[in-house]
Structures are given as C-alpha cells and as structure tokens.
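Student: Following this line is coords.cif, made up of mmCIF, C-alpha atoms:
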data_final
#
loop_
_atom_site.label_atom_id
_atom_site.label_comp_id
_atom_site.auth_asym_id
_atom_site.auth_seq_id
_atom_site.Cartn_x
_atom_site.Cartn_y
_atom_site.Cartn_z
CA MET G 115 69.32 24.19 -70.48
CA SER G 116 68.21 26.53 -73.25
CA LEU G 117 70.40 29.62 -73.50
CA THR G 118 68.94 33.03 -72.72
CA PHE G 119 69.87 36.16 -74.65
CA HIS G 120 69.31 39.74 -73.50
CA TRP G 121 69.88 43.01 -75.34
CA PHE G 122 70.73 46.53 -74.09
CA LEU G 123 68.92 49.87 -74.00
CA PRO G 124 71.46 52.67 -74.63
CA THR G 125 70.07 55.29 -72.27
CA ASN G 126 73.30 57.26 -72.69
CA GLY G 127 72.58 57.71 -76.39
CA ASP G 128 73.34 55.63 -79.47
CA SER G 129 75.42 56.02 -82.60
CA ARG G 130 77.14 54.30 -85.51
CA HIS G 131 80.26 54.95 -83.42
CA VAL G 132 81.04 53.69 -79.92
CA VAL G 133 79.38 55.77 -77.21
CA GLY G 134 81.79 56.01 -74.30
CA GLY G 135 80.99 56.60 -70.66
CA GLY G 136 80.51 54.75 -67.42
CA HIS G 137 82.59 54.14 -64.29
CA GLY G 138 82.94 57.82 -63.57
CA THR G 139 83.54 58.91 -67.17
CA PRO G 140 80.94 60.97 -69.05
CA ALA G 141 79.16 59.82 -72.19
CA THR G 142 81.10 60.83 -75.30
CA ALA G 143 79.77 63.24 -77.90
CA SER G 144 78.71 60.36 -80.15
CA GLY G 145 75.88 59.72 -77.69
CA ARG G 146 74.11 62.76 -79.14
CA ASP G 147 73.86 61.14 -82.59
CA ARG G 148 70.72 59.27 -81.54
CA PRO G 149 69.37 60.74 -78.29
CA PRO G 150 67.87 58.19 -75.86
CA THR G 151 64.27 59.24 -76.37
CA VAL G 152 61.45 56.95 -75.31
CA ALA G 153 60.50 56.63 -78.97
CA TYR G 154 63.95 55.44 -80.06
CA LEU G 155 64.47 53.16 -77.06
CA SER G 156 61.03 51.67 -77.68
CA GLN G 157 62.06 50.98 -81.27
CA ILE G 158 65.04 48.97 -79.97
CA ALA G 159 62.85 47.20 -77.40
CA ARG G 160 60.32 46.14 -80.01
CA ALA G 161 63.09 44.87 -82.29
CA ALA G 162 64.66 42.89 -79.45
CA GLU G 163 61.27 41.46 -78.54
CA GLN G 164 60.53 40.36 -82.11
CA LEU G 165 63.96 38.80 -82.55
CA GLY G 166 63.66 36.68 -79.42
CA PHE G 167 65.71 38.44 -76.76
CA ALA G 168 64.34 37.75 -73.30
CA ALA G 169 65.12 41.10 -71.67
CA ALA G 170 66.96 44.37 -72.12
CA LEU G 171 69.53 45.70 -69.65
CA THR G 172 69.22 49.37 -68.72
CA PRO G 173 72.35 50.90 -67.11
CA THR G 174 72.60 53.21 -64.11
CA GLY G 175 74.85 56.15 -63.29
CA ALA G 176 75.37 59.84 -63.83
CA TRP G 177 76.27 59.22 -67.49
CA CYS G 178 72.82 57.96 -68.56
CA GLU G 179 69.10 58.42 -68.03
CA ASP G 180 67.44 56.99 -64.92
CA ALA G 181 66.81 53.28 -65.44
CA TRP G 182 63.58 52.93 -63.41
CA LEU G 183 61.75 55.80 -65.09
CA THR G 184 62.98 54.99 -68.59
CA THR G 185 62.05 51.32 -68.49
CA ALA G 186 58.67 52.06 -66.94
CA MET G 187 57.86 54.20 -69.97
CA VAL G 188 59.39 51.88 -72.57
CA SER G 189 57.55 48.89 -71.08
CA GLN G 190 54.28 50.46 -72.18
CA ASN G 191 55.44 50.23 -75.80
CA SER G 192 56.36 46.54 -75.69
CA GLU G 193 54.52 43.36 -74.79
CA ARG G 194 56.77 40.47 -73.74
CA LEU G 195 60.28 41.88 -73.32
CA LYS G 196 61.52 42.02 -69.73
CA PHE G 197 63.67 44.81 -68.36
CA LEU G 198 66.89 44.17 -66.45
CA VAL G 199 66.93 47.39 -64.45
CA ALA G 200 70.26 48.39 -62.95
CA PHE G 201 70.06 50.26 -59.67
CA ARG G 202 72.26 51.15 -56.72
CA PRO G 203 71.12 50.14 -53.22
CA GLY G 204 72.66 53.24 -51.64
CA SER G 205 70.24 55.60 -53.39
CA VAL G 206 66.91 54.23 -52.13
CA SER G 207 65.60 52.56 -49.00
CA PRO G 208 65.19 48.77 -49.18
CA THR G 209 61.48 48.94 -48.33
CA LEU G 210 60.83 51.49 -51.06
CA ALA G 211 62.88 49.47 -53.55
CA ALA G 212 60.90 46.32 -52.72
CA GLN G 213 57.67 48.28 -53.18
CA MET G 214 58.85 49.78 -56.48
CA ALA G 215 59.70 46.32 -57.78
CA SER G 216 56.31 45.02 -56.72
CA THR G 217 54.53 47.88 -58.48
CA PHE G 218 56.64 47.43 -61.62
CA GLN G 219 55.69 43.74 -61.76
CA ARG G 220 51.98 44.48 -61.58
CA GLN G 221 52.00 47.36 -64.03
CA SER G 222 54.23 45.59 -66.57
CA GLY G 223 52.80 42.09 -66.33
CA GLY G 224 55.75 40.62 -64.43
CA ARG G 225 58.52 41.93 -66.70
CA LEU G 226 61.08 43.17 -64.17
CA LEU G 227 64.55 41.76 -63.48
CA LEU G 228 66.98 43.57 -61.19
CA ASN G 229 70.67 44.22 -61.77
CA VAL G 230 72.01 45.27 -58.38
CA VAL G 231 75.02 47.57 -58.81
CA THR G 232 76.88 48.35 -55.60
CA GLY G 233 78.89 51.15 -57.21
CA GLY G 234 82.62 50.97 -57.83
CA GLU G 235 83.50 54.67 -57.95
CA SER G 236 83.50 56.58 -54.67
CA HIS G 237 83.63 60.00 -56.32
CA GLU G 238 80.46 59.24 -58.28
CA GLN G 239 78.75 57.77 -55.22
CA ARG G 240 79.51 60.95 -53.24
CA ALA G 241 77.69 62.98 -55.90
CA TYR G 242 74.58 61.04 -54.87
CA GLY G 243 75.20 61.57 -51.17
CA ASP G 244 76.82 58.19 -50.51
CA PHE G 245 80.09 58.50 -48.59
CA LEU G 246 80.81 54.87 -47.71
CA ASP G 247 83.96 53.23 -49.01
CA LYS G 248 83.78 50.34 -51.46
CA ASP G 249 83.90 47.42 -48.99
CA ALA G 250 81.32 49.12 -46.76
CA ARG G 251 79.05 49.58 -49.79
CA TYR G 252 79.12 45.84 -50.38
CA ARG G 253 78.28 45.10 -46.75
CA ARG G 254 75.37 47.53 -47.02
CA THR G 255 74.24 45.81 -50.22
CA GLY G 256 74.10 42.55 -48.30
CA GLU G 257 71.86 44.10 -45.65
CA PHE G 258 69.75 45.71 -48.37
CA LEU G 259 69.15 42.45 -50.23
CA HIS G 260 68.45 40.60 -46.98
CA ILE G 261 65.64 43.06 -46.21
CA VAL G 262 64.26 43.12 -49.76
CA ARG G 263 64.15 39.34 -50.08
CA GLN G 264 62.41 39.00 -46.72
CA LEU G 265 59.81 41.56 -47.80
CA TRP G 266 59.24 39.77 -51.11
CA ASP G 267 58.63 36.59 -49.10
CA GLY G 268 55.77 38.36 -47.34
CA LYS G 269 57.55 38.70 -44.03
CA SER G 270 57.55 41.61 -41.61
CA VAL G 271 61.13 42.80 -41.16
CA ASP G 272 62.88 44.38 -38.20
CA LEU G 273 66.59 44.98 -38.64
CA ASP G 274 69.09 47.18 -36.84
CA GLY G 275 72.12 46.57 -39.00
CA GLU G 276 75.51 48.16 -39.50
CA PHE G 277 74.10 50.49 -42.15
CA LEU G 278 70.34 49.98 -42.46
CA ARG G 279 67.55 50.08 -39.92
CA VAL G 280 63.91 49.22 -40.51
CA GLU G 281 61.07 48.55 -38.10
CA ASP G 282 57.90 46.62 -38.90
CA ALA G 283 58.65 46.83 -42.64
CA LYS G 284 56.25 44.90 -44.86
CA LEU G 285 54.58 45.05 -48.25
CA SER G 286 50.83 45.27 -48.67
CA ARG G 287 51.11 43.62 -52.12
CA LEU G 288 53.81 41.15 -53.08
CA PRO G 289 55.50 41.02 -56.48
CA ASP G 290 54.35 38.22 -58.75
CA PRO G 291 56.68 36.82 -59.86
CA VAL G 292 59.48 37.83 -57.50
CA PRO G 293 62.11 39.60 -59.64
CA GLU G 294 65.32 37.69 -60.16
CA VAL G 295 68.47 39.40 -58.90
CA TYR G 296 71.47 39.74 -61.23
CA PHE G 297 74.73 40.71 -59.58
CA GLY G 298 78.37 41.14 -60.61
CA GLY G 299 81.67 42.01 -59.01
CA SER G 300 85.23 40.71 -58.92
CA SER G 301 86.28 41.62 -55.39
CA PRO G 302 86.10 39.26 -52.37
CA ALA G 303 83.37 41.46 -50.88
CA ALA G 304 81.33 41.20 -54.09
CA GLY G 305 81.68 37.44 -54.17
CA GLU G 306 80.21 37.04 -50.70
CA VAL G 307 77.14 39.11 -51.57
CA ALA G 308 76.60 37.25 -54.84
CA ALA G 309 76.88 33.87 -53.12
CA LYS G 310 74.22 34.75 -50.55
CA TYR G 311 71.68 36.74 -52.54
CA ALA G 312 72.08 36.60 -56.34
CA ASP G 313 70.09 34.43 -58.72
CA VAL G 314 72.44 35.14 -61.63
CA TYR G 315 76.11 36.10 -61.35
CA LEU G 316 77.24 38.34 -64.21
CA THR G 317 80.79 38.76 -65.46
CA TRP G 318 82.17 41.02 -68.14
CA GLY G 319 83.55 39.41 -71.27
CA GLU G 320 86.97 38.19 -70.26
CA PRO G 321 88.77 35.33 -72.09
CA PRO G 322 87.30 31.90 -71.34
CA ALA G 323 90.03 30.82 -68.92
CA GLN G 324 89.43 33.86 -66.73
CA VAL G 325 85.67 33.41 -66.90
CA ALA G 326 86.06 29.78 -65.86
CA GLY G 327 88.01 30.91 -62.82
CA LYS G 328 85.27 33.33 -61.79
CA ILE G 329 82.57 30.69 -62.18
CA ALA G 330 84.49 28.23 -60.02
CA TRP G 331 85.05 30.90 -57.38
CA ILE G 332 81.39 31.90 -57.12
CA ARG G 333 80.14 28.32 -57.27
CA ALA G 334 82.33 27.40 -54.31
CA LEU G 335 81.17 30.42 -52.29
CA ALA G 336 77.50 29.73 -53.08
CA ALA G 337 77.90 26.07 -52.11
CA GLU G 338 79.05 27.17 -48.66
CA HIS G 339 75.58 28.73 -48.25
CA GLY G 340 73.76 25.76 -49.76
CA ARG G 341 72.91 27.71 -52.91
CA THR G 342 73.38 27.31 -56.66
CA LEU G 343 73.47 30.23 -59.10
CA ARG G 344 73.15 30.69 -62.83
CA PHE G 345 75.89 32.52 -64.69
CA GLY G 346 75.75 35.23 -67.34
CA ILE G 347 78.23 37.25 -69.38
CA ARG G 348 78.10 40.84 -70.66
CA LEU G 349 79.52 41.36 -74.16
CA HIS G 350 79.23 43.56 -77.22
CA VAL G 351 78.82 41.88 -80.60
CA ILE G 352 79.92 42.64 -84.16
CA THR G 353 78.61 39.79 -86.29
CA ARG G 354 78.36 39.73 -90.09
CA ASP G 355 77.85 37.29 -92.96
CA THR G 356 81.62 36.89 -93.34
CA THR G 357 84.67 37.17 -91.09
CA ALA G 358 86.14 39.95 -93.25
CA GLU G 359 83.00 42.07 -93.01
CA ALA G 360 82.91 41.77 -89.21
CA TRP G 361 86.54 42.77 -88.73
CA ALA G 362 86.15 45.61 -91.22
CA GLU G 363 83.38 46.97 -88.99
CA ALA G 364 85.59 46.61 -85.90
CA ASP G 365 88.35 48.50 -87.75
CA ARG G 366 85.87 51.22 -88.72
CA LEU G 367 84.89 51.69 -85.08
CA LEU G 368 88.55 51.75 -84.02
CA ASP G 369 89.38 54.36 -86.66
CA GLY G 370 86.73 56.59 -85.09
CA PHE G 371 88.48 56.67 -81.71
CA ASP G 372 90.03 60.09 -81.26
CA PRO G 373 93.47 59.62 -79.61
CA GLU G 374 92.83 62.39 -77.11
CA THR G 375 89.49 60.84 -76.13
CA VAL G 376 91.20 57.48 -75.61
CA ARG G 377 93.85 59.09 -73.39
CA ALA G 378 91.26 60.95 -71.34
CA VAL G 379 89.00 57.92 -70.90
CA GLN G 380 91.92 55.64 -69.98
CA ALA G 381 93.21 58.17 -67.44
CA GLY G 382 89.78 58.32 -65.85
CA LEU G 383 89.30 54.56 -65.78
CA ALA G 384 92.78 54.01 -64.34
CA ARG G 385 91.49 55.65 -61.14
CA SER G 386 88.60 53.20 -60.88
CA GLU G 387 88.22 51.29 -57.62
CA SER G 388 86.42 48.47 -59.44
CA GLU G 389 88.45 45.26 -59.71
CA GLY G 390 86.35 44.27 -62.69
CA GLN G 391 87.22 47.54 -64.42
CA GLN G 392 90.90 47.03 -63.76
CA ARG G 393 90.65 43.54 -65.25
CA MET G 394 89.06 45.09 -68.34
CA LEU G 395 91.87 47.64 -68.66
CA ALA G 396 94.50 44.92 -68.37
CA LEU G 397 93.11 43.24 -71.49
CA HIS G 398 94.29 46.05 -73.78
CA GLY G 399 96.66 48.17 -71.67
CA GLY G 400 95.42 51.33 -73.36
CA SER G 401 97.02 50.27 -76.66
CA ARG G 402 95.41 49.84 -80.06
CA GLU G 403 97.72 46.90 -80.79
CA SER G 404 96.90 43.21 -80.25
CA LEU G 405 93.24 43.81 -79.42
CA GLU G 406 92.09 40.30 -80.35
CA ILE G 407 92.78 38.75 -76.94
CA HIS G 408 91.17 35.38 -77.73
CA PRO G 409 89.79 34.10 -81.03
CA ASN G 410 86.94 36.47 -81.99
CA LEU G 411 87.19 38.36 -78.66
CA TRP G 412 88.11 42.01 -79.27
CA ALA G 413 89.05 44.44 -76.48
CA GLY G 414 88.76 47.60 -78.58
CA ILE G 415 85.50 48.85 -77.05
CA GLY G 416 87.22 49.26 -73.69
CA LEU G 417 89.52 51.96 -75.07
CA VAL G 418 86.70 54.51 -74.91
CA ARG G 419 84.04 52.90 -72.70
CA GLY G 420 83.93 51.99 -69.04
CA GLY G 421 82.41 48.72 -67.88
CA ALA G 422 81.94 46.02 -70.50
CA GLY G 423 84.80 46.57 -72.93
CA THR G 424 84.99 43.48 -75.13
CA ALA G 425 83.10 42.33 -78.21
CA LEU G 426 82.60 39.06 -80.03
CA VAL G 427 83.70 39.79 -83.61
CA GLY G 428 83.33 37.42 -86.52
CA SER G 429 81.04 35.66 -88.92
CA HIS G 430 77.72 34.41 -87.58
CA ASP G 431 79.14 30.91 -87.38
CA GLU G 432 82.24 32.08 -85.49
CA VAL G 433 80.23 34.09 -82.99
CA ALA G 434 77.93 31.13 -82.45
CA GLU G 435 80.99 28.95 -81.73
CA ARG G 436 82.32 31.41 -79.16
CA ILE G 437 78.92 31.44 -77.47
CA LYS G 438 79.05 27.65 -77.30
CA GLU G 439 82.56 27.90 -75.84
CA TYR G 440 81.36 30.13 -73.00
CA HIS G 441 78.30 27.95 -72.51
CA ALA G 442 80.57 24.93 -72.03
CA LEU G 443 82.11 26.76 -69.07
CA GLY G 444 78.70 27.24 -67.43
CA ILE G 445 77.43 30.49 -68.96
CA ASP G 446 73.70 30.26 -69.70
CA GLU G 447 72.76 33.94 -70.14
CA PHE G 448 74.28 36.44 -72.56
CA VAL G 449 73.70 40.19 -72.13
CA LEU G 450 74.67 41.71 -75.46
CA SER G 451 74.88 45.07 -77.21
CA GLY G 452 76.33 46.68 -80.32
CA TYR G 453 76.64 49.99 -82.15
CA PRO G 454 74.14 51.08 -83.22
CA HIS G 455 71.89 48.99 -81.02
CA LEU G 456 68.94 48.85 -83.40
CA GLU G 457 70.87 47.55 -86.39
CA GLU G 458 73.16 45.23 -84.41
CA ALA G 459 70.15 43.59 -82.75
CA TYR G 460 69.07 42.49 -86.22
CA TRP G 461 72.54 41.35 -87.28
CA PHE G 462 72.74 39.09 -84.23
CA GLY G 463 69.07 38.12 -84.09
CA GLU G 464 68.85 37.13 -87.75
CA GLY G 465 72.42 35.86 -88.12
CA VAL G 466 73.44 34.10 -84.91
CA LEU G 467 70.25 33.11 -83.09
CA PRO G 468 69.03 30.82 -85.91
CA ARG G 469 72.35 28.97 -85.75
CA ILE G 470 72.07 28.55 -81.99
CA ALA G 471 68.46 27.38 -82.41
CA ALA G 472 69.43 24.87 -85.09
CA GLN G 473 71.77 23.23 -82.60
CA GLY G 474 69.02 22.91 -80.01
CA LEU G 475 70.56 25.45 -77.63
CA TRP G 476 67.93 28.18 -77.88
CA THR G 477 64.23 28.59 -78.54
CA HIS G 478 62.31 31.78 -79.20
CA PRO G 479 60.55 32.97 -75.99
CA ASP G 480 57.29 33.37 -77.88
CA ASP G 481 55.64 29.98 -78.22
CA GLY G 482 55.27 29.11 -81.86
CA ALA G 483 57.32 32.08 -83.06
CA SER G 484 59.21 31.44 -86.24
CA VAL G 485 62.99 31.72 -86.18
CA PRO G 486 64.58 32.92 -89.44
CA SER G 487 66.65 30.30 -91.20
CA ALA G 488 70.40 30.82 -90.95
CA GLN G 489 71.41 32.50 -94.17
CA VAL G 490 74.47 31.26 -96.04
CA PRO G 491 76.49 34.18 -97.49
CA PHE G 492 76.30 34.49 -101.28
CA THR G 493 79.58 33.74 -103.00
CA SER G 494 80.32 34.01 -106.67
#
Show me the file's structure as structure tokens.
Tutor:
Amino acid sequence: MSLTFHWFLPTNGDSRHVVGGGHGTPATASGRDRPPTVAYLSQIARAAEQLGFAAALTPTGAWCEDAWLTTAMVSQNSERLKFLVAFRPGSVSPTLAAQMASTFQRQSGGRLLLNVVTGGESHEQRAYGDFLDKDARYRRTGEFLHIVRQLWDGKSVDLDGEFLRVEDAKLSRLPDPVPEVYFGGSSPAAGEVAAKYADVYLTWGEPPAQVAGKIAWIRALAAEHGRTLRFGIRLHVITRDTTAEAWAEADRLLDGFDPETVRAVQAGLARSESEGQQRMLALHGGSRESLEIHPNLWAGIGLVRGGAGTALVGSHDEVAERIKEYHALGIDEFVLSGYPHLEEAYWFGEGVLPRIAAQGLWTHPDDGASVPSAQVPFTS
C-alpha cells in the first residue's frame, strides 16, 4: 500500500517558535507571530497541495479558530487538497453534522475527511455546555456515529438512545464520497468506539514498541466486529540536509522555551483526563533532559504543547527510515506538522518525500506530477 501523508493547518497561529496550546491550555504568545488568517492558511494549503500531501488536519478547541468555518474558506483557495476537519460530537446534533458533511463534500468537490474528537478535558467541555463525564462522552460518540453513518447510507433513522434521540432523521442529499472517519484515543472506551465506527485509527507519536501495542489492541477489537481499520500517526517533523542541522534546529526551539511557560503548561496538562495526553507527558516527565526517546524521536515539543508532543528529527534519510519503521508496524498514514508550517512543509516535501517515492512507498496524488529528486547535501 502506498503511504499517505497529511499536513496541518495551524489555526492557533504559527511561528518560528513552537506555538503551545491544546488540551485545556491556551495558545502561547508565539501564536501571534503569524496570525491564522485565511490568506496565510491558504498559503500553507497550496504549498501542501503542490508538494503532494493528501490532506491537512485542522484542530478543534477553545485555543484555535473553528475548524469547519476555516476549512470551508481555505478550500476555496485550493484545488485538490482534502481537509481533515476535527470536530466534537457533543457540540452539534448528528443529523446536522451529517448534513454539514454532505454540503461540504458538494461544495468542495469531495474533499472532506472527519477527525472525530470526543474531548478529553471536562472543564473545556463544560465551557461549551457539555457536562458529561469522559466515559459518557465516548458512549455518546458511539451513538452519534451510529446515526451519522446510517444517514450517510441513505437510511431513515429513529433512535432513542442513552444520550441522543432522533425521529425520522434523513438526508435529502447524500455525501459523495462518504467522508472517512479518523478517530483516536487510548482509553478502553475510546477503543470500543474506534473498533465499531472508525476508518482510520490515529495515535500520537509514541516510540515504535508502544505504537505496535496500540495497533494490536485496536486490530483485535475491530476483528470482534468483523472490521479492519487503517492506522495513522500524528507527528511533528524537523528534517534537514544533515543530522547536525536538524538537531541544531531542535536545540534552537528548545532554547526558546521559557521555563515559566513550561511549568505552567505542564501543570495544566498534568490535570488532563486524556490517557493519550498522560502517555505523552510520561515520555519527557517535564524535563529538558533525555528528550530523544527513540532514535530520531524527540519529545521536546510536548514541554509546551498539548496533544501531539513528539517530532521526528534528523537528516532526510534518517526521517525516511523512521517512517519506514512505523510503516513496518502497520502505519500507512502520517499526519505531520512543523514550525513554521509553511517552511517545514517544504523541508519535508522536498527532502523526505522524494526518498520515500524512490523506494516505491509513495506516489504524488496528482497523476503525472513530478517529484523533486532527492538532493544529496554538498560536502567539501
């Protein structure tokens, strides 16, 4: 199977420094360096499209711009790129969400993917009027996706569930194609929902052994329901012509972490109810020491950012090898990002993707598109 690569739209702002935020923590001041205007986000989208990324993930939460509205506008300034829109089932009715997805598909030419985020932070959920606890939110997500998938199949739905109730729900126009559902979560409740309803299970960038364990867990759960899923991983990237250049950039980012900001962010994330977030925190323990937790896997981003907190760091060849290592475990989709997102898209797209293509593991989504040749660093 050809690998699929996605990029990221920083709707919380962008910078040459790490922009923190997420999982109940606000975006850091660096997010104001490059505000998330439609013009700037469209610039990133067009770059990602030209380089061969399949889609761009847009996050959700109080720390960033609304994903639905932003991607709807950015889609008008791009042609092929799909949008992996993150949204929370508790904030919209399932019938309306199914209708919104159907409309997005028609107006964008079928370029919608959905990242269903149940919500791991109760205090943030309550700000949006959602007062269920975490396990109940996952059970509601299951009901939500059951209704949405039935509607996308053209069925009329009646359901009087534990949390959701609809009568004679149906869509007048079906989405074409039906959006694929991406879903992540490390808790038992999350696993059950993924096994029943997800097309792609996403994990954050943990070391390969831990990722292998997650894949085996979800595969077994899905098999119980007669289903098979694809698997994806969410990572940042710092890739350069040489190893030394890449680690120098990682060190530059680390030097920009204000100690007080690190303490405040870590204190906030320590209260997170998300098992995935706690697994991210365990990779670095809040310390700046020993951040390379696996060859070329750096946990420094997680010191100031919630959610995905690890980066692949190294030469283009080294990063390509780590991608192959994850692929050998069963990972077929890579959702990537880097600071700043415009420049890092080019570093990865022109440095790593040609190497992956040369090994027959990736082809440009545009038929006949040329892939830059992998450049060998100049040495004297």
Student: Can you work out which one of G:Ala162, G:Leu227, G:Val351, G:Ala153 has the shortest atom-to-atom distance to G:Trp182, counting all atoms listed in the file?
Tutor: G:Leu227
Student: What does the PyMOL selection byres ((chain G and resi 124) around 8) select in this file, as a ChimeraX atom specification?
Tutor: /G:122-123,125-128,150,155,172-173,455
Student: Keeping only C-alpha atoms, write those residues as an mmCIF file, in the frame of the given file.
Tutor:
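So part.cif came out as:
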data_model
loop_
_atom_site.group_PDB
_atom_site.id
_atom_site.type_symbol
_atom_site.label_atom_id
_atom_site.label_comp_id
_atom_site.auth_asym_id
_atom_site.auth_seq_id
_atom_site.Cartn_x
_atom_site.Cartn_y
_atom_site.Cartn_z
ATOM 1 C CA PHE G 122 70.730 46.530 -74.090
ATOM 2 C CA LEU G 123 68.920 49.870 -74.000
ATOM 3 C CA THR G 125 70.070 55.290 -72.270
ATOM 4 C CA ASN G 126 73.300 57.260 -72.690
ATOM 5 C CA GLY G 127 72.580 57.710 -76.390
ATOM 6 C CA ASP G 128 73.340 55.630 -79.470
ATOM 7 C CA PRO G 150 67.870 58.190 -75.860
ATOM 8 C CA LEU G 155 64.470 53.160 -77.060
ATOM 9 C CA THR G 172 69.220 49.370 -68.720
ATOM 10 C CA PRO G 173 72.350 50.900 -67.110
ATOM 11 C CA HIS G 455 71.890 48.990 -81.020
#
Student: Using only C-alpha atoms - which residues lie no farther than 7 Å from the point (64.5, 30.5, -80.7) in the file's frame? Write them as a list in words.
Tutor: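 Returned residue set, sorted by chain then number, is Gly166, Leu467, Pro468, Ala471, Trp476, Thr477, His478, Pro479 and Val485 of chain G.
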Student: Can I get the residues of stretch 127-158 of chain G within 12 Å of stretch 191-203 of chain G, each with the closest pair of atoms and their distance in Å to one decimal, using only C-alpha atoms, sorted chain first then ascending number, as a tab-separated table?
Tutor:
residue	atom	partner	partner_atom	distance
G:Val152	CA	G:Asn191	CA	9.0
G:Ala153	CA	G:Asn191	CA	8.8
G:Tyr154	CA	G:Asn191	CA	10.8
G:Leu155	CA	G:Asn191	CA	9.6
G:Ser156	CA	G:Asn191	CA	6.1
G:Gln157	CA	G:Asn191	CA	8.6
G:Ile158	CA	G:Ser192	CA	10.0
Student: Quick one: write out the picked residues with C-alpha atoms as a compact mmCIF listing (two decimals), in the coordinates of the input?
Tutor:
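Okay, again31.txt is ready:
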# COMPACT_ATOMS: atom_id res chain seq x y z
CA VAL G 152 61.45 56.95 -75.31
CA ALA G 153 60.50 56.63 -78.97
CA TYR G 154 63.95 55.44 -80.06
CA LEU G 155 64.47 53.16 -77.06
CA SER G 156 61.03 51.67 -77.68
CA GLN G 157 62.06 50.98 -81.27
CA ILE G 158 65.04 48.97 -79.97
Student: Provide the atom CA of G:Arg240 to atom CA of G:Glu179 distance in Å, to one decimal place.
Tutor: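 For atom CA of G:Arg240 relative to atom CA of G:Glu179, the distance reads 18.3 Å.
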Student: Show me as a PyMOL selection string the residues that reach within 12 Å of (79.1, 60.3, -68.6), counting all atoms listed in the file and using the file's own coordinates.
Tutor: chain G and resi 125-127+133-146+173-179+238+379+382+418-420
Student: Spell out the residues picked by the PyMOL selection byres ((chain G and resi 236) around 12) here, as a list in words.
Tutor: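 For this structure, the PyMOL selection byres ((chain G and resi 236) around 12) resolves to His137, Gly138, Gly204, Thr232, Gly233, Gly234, Glu235, His237, Glu238, Gln239, Arg240, Ala241, Tyr242, Gly243, Asp244, Phe245, Leu246, Asp247, Lys248, Asp249, Ala250, Arg251, Arg385, Ser386, Glu387 and Ser388 of chain G.
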Student: Report the residues retrieved by the PyMOL selection byres ((chain G and resi 344) around 9) from the displayed file, expressed as a list in words.
Tutor: Ala312, Asp313, Val314, Tyr315, Leu316, Thr342, Leu343, Phe345, Gly346, Gly444, Ile445, Asp446 and Glu447 of chain G
Student: Could you state the separation of atom CA of G:Arg287 and atom CA of G:Gln213 in Å, given to one decimal place?
Tutor: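 We find that atom CA of G:Arg287 and atom CA of G:Gln213 lie 8.1 Å from each other.
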Student: In Å, rounded to a single decimal, give me how far atom CA of G:Leu278 is from atom CA of G:Trp318.
Tutor: 29.7 Å
Student: Of the candidates G:His350, G:Arg333, G:Lys269, G:His120, which one gets nearest to G:Ala364 if we count all atoms listed in the file?
Tutor: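 Of the candidates, the smallest distance to G:Ala364 is held by G:His350.
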Student: So which one's closest to G:Gln324, G:Val280, G:Phe371, G:Leu443, G:Ala378? Using all atoms listed in the file, please.
Tutor: G:Leu443
Student: Please tabulate, as JSON lines, the residues of stretch 236-321 of chain G that come within 12 Å of stretch 425-439 of chain G, each with its closest pair of atoms and the distance in Å to one decimal, counting all atoms listed in the file and ordering rows by chain, then residue number upward.
Tutor:
{"residue": "G:Trp318", "atom": "CA", "partner": "G:Ala425", "partner_atom": "CA", "distance": 10.2}
{"residue": "G:Gly319", "atom": "CA", "partner": "G:Ala425", "partner_atom": "CA", "distance": 7.5}
{"residue": "G:Glu320", "atom": "CA", "partner": "G:Ala425", "partner_atom": "CA", "distance": 9.8}
{"residue": "G:Pro321", "atom": "CA", "partner": "G:Arg436", "partner_atom": "CA", "distance": 10.3}
Student: Write to file, as a PDB file, in the coordinates of the input, the residues of the selection just made, with C-alpha atoms.
Tutor:
ATOM      1  CA  TRP G 318      82.170  41.020 -68.140  1.00  0.00           C
ATOM      2  CA  GLY G 319      83.550  39.410 -71.270  1.00  0.00           C
ATOM      3  CA  GLU G 320      86.970  38.190 -70.260  1.00  0.00           C
ATOM      4  CA  PRO G 321      88.770  35.330 -72.090  1.00  0.00           C
TER       5      PRO G 321
END
Student: From the options G:Asn410, G:Ser300, G:Thr357, G:Ser451, which residue's atoms come nearest to G:Gly390, counting only C-alpha atoms?
Tutor: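 Going through G:Asn410, G:Ser300, G:Thr357, G:Ser451 one by one, the smallest distance to G:Gly390 is for G:Ser300.
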Student: Under the rule that all atoms listed in the file are counted, which of G:Gly256, G:Pro149, G:Gly223, G:Pro291 is the nearest residue to G:Glu276?
Tutor: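 Under the stated criterion, the closest residue is G:Gly256.
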Student: Go through G:Asp480, G:Leu450, G:Ala330, G:Ala215 one by one, measure the shortest atom-to-atom distance of each to G:Phe119 using all atoms listed in the file, and give the residue with the smallest value.
Tutor: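 Nearest to G:Phe119: G:Leu450.
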